[in-house]
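Report on the following structure.
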Amino acid sequence: MKRPNRILVVEDEEAIRTGLADVLVYHGYEVDEAATGPEGLKKALSGKFDLILLDIMLPGMDGYAICNAIRDNDRRQPVIMLTAKTSDEEIINGLKHGADDYVGKPFSVQQLLLRIEAVLRRSLSGQERQRTLNLGSLSVDTENLSGTREAETLTFTRREIDILTYLAAHSTRPVPREELLLKVWGYARNLDIETRTVDIHIAKLRRKIEPDPKEPVRLLTVRGAGYRLVTGD
Ligand code: CA
């Protein structure tokens, strides 16, 4: 039998932390907890967890700094940020620091479980994908989350690699943002804030892979239809 997935909950508010732990254990996860930034960081870097739920405001060290340290250590470690409110600024900041997803507080248990399942599903299915993606002068190593473009070395988040891989596999047509949310993020629903999440990731990708991000030649916007990746030379 497959071992249960292990989740680390980093949250200083005891009621939320223990509530989360109870719910997760009830749903079959193995759970460990951390109540401060430094304790969360230490446990997060142990590499023992399939997923880390990370609060932002924490005593000693905030969630953004912890997420940075996690990414420096292991760019594949799945992280979901717990944001106090779903303000664009917090969400954008969390994604910038390499979080895979975010859940706004107060959150519904069902919503949280769906996001956890989606992030875990992607991180597992990612182990079977094509290793190298060649896009003209750009070569992307989907396993090591790195790439090269004309002697320049690039690093990617797993989410960015998932987007590129999906667009490359469907490069004959534009891919709507809703489809990316469904196939890459694993969301069946579509909220405004979530389609903006797609746009934020596309903008980040363009800064990495486009010679001029303002005039994309590879990752195109097809007005009213979505995004299309040009895979030829
Ligand atoms: Ca907090």
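FYI, nothing fancy with the structure tokens labels: chains A, B, ... in order, residues from 1 per chain, ligands from 1 as they appear.
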Task: Expected answer as a PyMOL selection string: residues within 12 Å of ligand 1, only C-alpha atoms and all ligand atoms - done: chain A and resi 9-17+34-37+53-63+81-85+105
Open item on the list: Env of range 210-215 of chain A: 10 Å cut, atoms = only C-alpha atoms, seq-sep filter 5 positions within chain, self excluded. Answer as JSON, numbers by chain.
Closed with: {"A": [138, 149, 203, 204, 205, 220]}
Got time to write the residues from that selection, N, CA, C and O atoms, as a PDB file, in the first residue's frame?
ATOM      1  N   LEU A 138      15.846  27.849 -27.334  1.00  0.00           N
ATOM      2  CA  LEU A 138      15.607  27.593 -25.915  1.00  0.00           C
ATOM      3  C   LEU A 138      15.489  26.096 -25.675  1.00  0.00           C
ATOM      4  O   LEU A 138      14.738  25.400 -26.354  1.00  0.00           O
ATOM      5  N   ARG A 149      19.263  29.456 -22.913  1.00  0.00           N
ATOM      6  CA  ARG A 149      18.911  30.201 -24.116  1.00  0.00           C
ATOM      7  C   ARG A 149      20.115  31.043 -24.487  1.00  0.00           C
ATOM      8  O   ARG A 149      20.494  31.942 -23.743  1.00  0.00           O
ATOM      9  N   ALA A 203       3.341  36.165 -17.596  1.00  0.00           N
ATOM     10  CA  ALA A 203       4.246  37.326 -17.597  1.00  0.00           C
ATOM     11  C   ALA A 203       5.634  36.935 -17.072  1.00  0.00           C
ATOM     12  O   ALA A 203       6.659  37.352 -17.616  1.00  0.00           O
ATOM     13  N   LYS A 204       5.657  36.128 -16.014  1.00  0.00           N
ATOM     14  CA  LYS A 204       6.940  35.672 -15.462  1.00  0.00           C
ATOM     15  C   LYS A 204       7.699  34.821 -16.481  1.00  0.00           C
ATOM     16  O   LYS A 204       8.912  34.953 -16.650  1.00  0.00           O
ATOM     17  N   LEU A 205       6.974  33.943 -17.166  1.00  0.00           N
ATOM     18  CA  LEU A 205       7.609  33.087 -18.178  1.00  0.00           C
ATOM     19  C   LEU A 205       8.179  33.917 -19.321  1.00  0.00           C
ATOM     20  O   LEU A 205       9.273  33.653 -19.809  1.00  0.00           O
ATOM     21  N   LEU A 220       2.638  33.550 -27.216  1.00  0.00           N
ATOM     22  CA  LEU A 220       1.774  34.574 -27.803  1.00  0.00           C
ATOM     23  C   LEU A 220       0.427  34.669 -27.112  1.00  0.00           C
ATOM     24  O   LEU A 220      -0.110  33.661 -26.629  1.00  0.00           O
TER      25      LEU A 220
END
- [ ] Using DSSP on the backbone, list every residue of range 3-130 of chain A that comes out as alpha helix (DSSP H), and give them as JSON, numbers by chain.
- [x] {"A": [14, 15, 16, 17, 18, 19, 20, 21, 22, 23, 24, 25, 26, 37, 38, 39, 40, 41, 42, 43, 44, 63, 64, 65, 66, 67, 68, 69, 70, 71, 72, 73, 88, 89, 90, 91, 92, 93, 94, 95, 96, 109, 110, 111, 112, 113, 114, 115, 116, 117, 118, 119, 120, 121, 122, 123, 124, 125]}
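Closest approach to Leu45 in chain A among A:Ala225, A:Ala118, A:Leu24, A:Cys67: A:Cys67, based on only C-alpha atoms.
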TODO: Please provide the set of residues having any atom within 8 Å of range 152-161 of chain A, restricted to only C-alpha atoms, with same-chain residues fewer than 5 positions apart removed, written as a list in words.
DONE: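 Result of the neighbour search: Arg75, Arg76, Gly98, Asp100, Thr142, Leu145, Ser146, Gly147, Val184, His201, Leu205 and Lys208 of chain A.
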TODO: Measuring atom to atom with only C-alpha atoms, identify which of A:Leu164, A:Asp74, A:Leu180, A:His170 is nearest to Leu219 in chain A.
DONE: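 Looking only at the distances to Leu219 in chain A, the closest residue turns out to be A:Leu164.
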Once you count only C-alpha atoms, what closest atom pair and distance in Å to one decimal does each residue of range 67-142 of chain A within 12 Å of range 47-50 of chain A have, with rows by chain and rising residue number, as a tab-separated table?
residue	atom	partner	partner_atom	distance
A:Ile70	CA	A:Gly47	CA	9.4
A:Arg71	CA	A:Gly47	CA	11.7
A:Asn73	CA	A:Gly47	CA	9.2
A:Asp74	CA	A:Gly47	CA	8.4
A:Arg75	CA	A:Gly47	CA	11.4
A:Arg76	CA	A:Asp50	CA	9.9
A:Gln77	CA	A:Asp50	CA	7.1
A:Pro78	CA	A:Asp50	CA	6.7
A:Val79	CA	A:Asp50	CA	8.9
A:Ile80	CA	A:Asp50	CA	11.2
A:Ile116	CA	A:Asp50	CA	10.1
A:Glu117	CA	A:Asp50	CA	11.0
A:Val119	CA	A:Asp50	CA	9.7
A:Leu120	CA	A:Asp50	CA	7.3
A:Arg121	CA	A:Asp50	CA	10.7
A:Arg122	CA	A:Asp50	CA	11.6
A:Ser123	CA	A:Asp50	CA	8.8
A:Leu124	CA	A:Asp50	CA	9.6
TODO: Could you check which of A:Arg228, A:Lys42, A:Arg223, A:Arg115 is closest to Leu182 in chain A, using only C-alpha atoms?
DONE: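 Closest candidate: A:Arg115.
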TODO: Extract the full set of strand (DSSP E or B) residues from range 6-159 of chain A according to DSSP on the backbone, and format it as an MDAnalysis selection string.
DONE: chainID A and resid 6:10 30:34 51:55 79:83 101:104 132:135 138:141 146:149 152:155
Open item on the list: Report, in Å with one decimal, the straight-line distance from CA of Tyr227 in chain A to CA of Arg196 in chain A.
Closed with: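 These two atoms are separated by 13.2 Å.
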- [ ] Counting only C-alpha atoms, figure out which residue out of A:Gly28, A:Ser171, A:Asn68, A:Asn93 gets nearest to Ala44 in chain A.
- [x]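 Going through A:Gly28, A:Ser171, A:Asn68, A:Asn93 one by one, the smallest distance to Ala44 in chain A is for A:Asn68.
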Please provide as a short mmCIF file (atom, residue, chain, number, x, y, z; two decimals) with N, CA, C and O atoms, in the first residue's frame all residues within 9 Å of Arg131 in chain A, with the sequence filter that same-chain residues fewer than 5 positions apart are discarded (counting only C-alpha atoms).
data_model
loop_
_atom_site.label_atom_id
_atom_site.label_comp_id
_atom_site.auth_asym_id
_atom_site.auth_seq_id
_atom_site.Cartn_x
_atom_site.Cartn_y
_atom_site.Cartn_z
N VAL A 140 14.77 23.37 -22.52
CA VAL A 140 14.30 23.33 -21.14
C VAL A 140 14.40 21.91 -20.59
O VAL A 140 13.92 20.96 -21.21
N ASP A 141 15.06 21.78 -19.45
CA ASP A 141 15.15 20.50 -18.76
C ASP A 141 13.99 20.44 -17.76
O ASP A 141 14.02 21.10 -16.72
N THR A 142 12.95 19.65 -18.09
CA THR A 142 11.74 19.66 -17.27
C THR A 142 11.94 18.93 -15.94
O THR A 142 11.13 19.06 -15.04
N GLU A 143 13.00 18.17 -15.84
CA GLU A 143 13.28 17.44 -14.61
C GLU A 143 14.01 18.35 -13.61
O GLU A 143 13.64 18.44 -12.45
N ASN A 144 15.04 19.02 -14.10
CA ASN A 144 15.83 19.89 -13.22
C ASN A 144 15.29 21.30 -13.13
O ASN A 144 15.87 22.15 -12.46
#
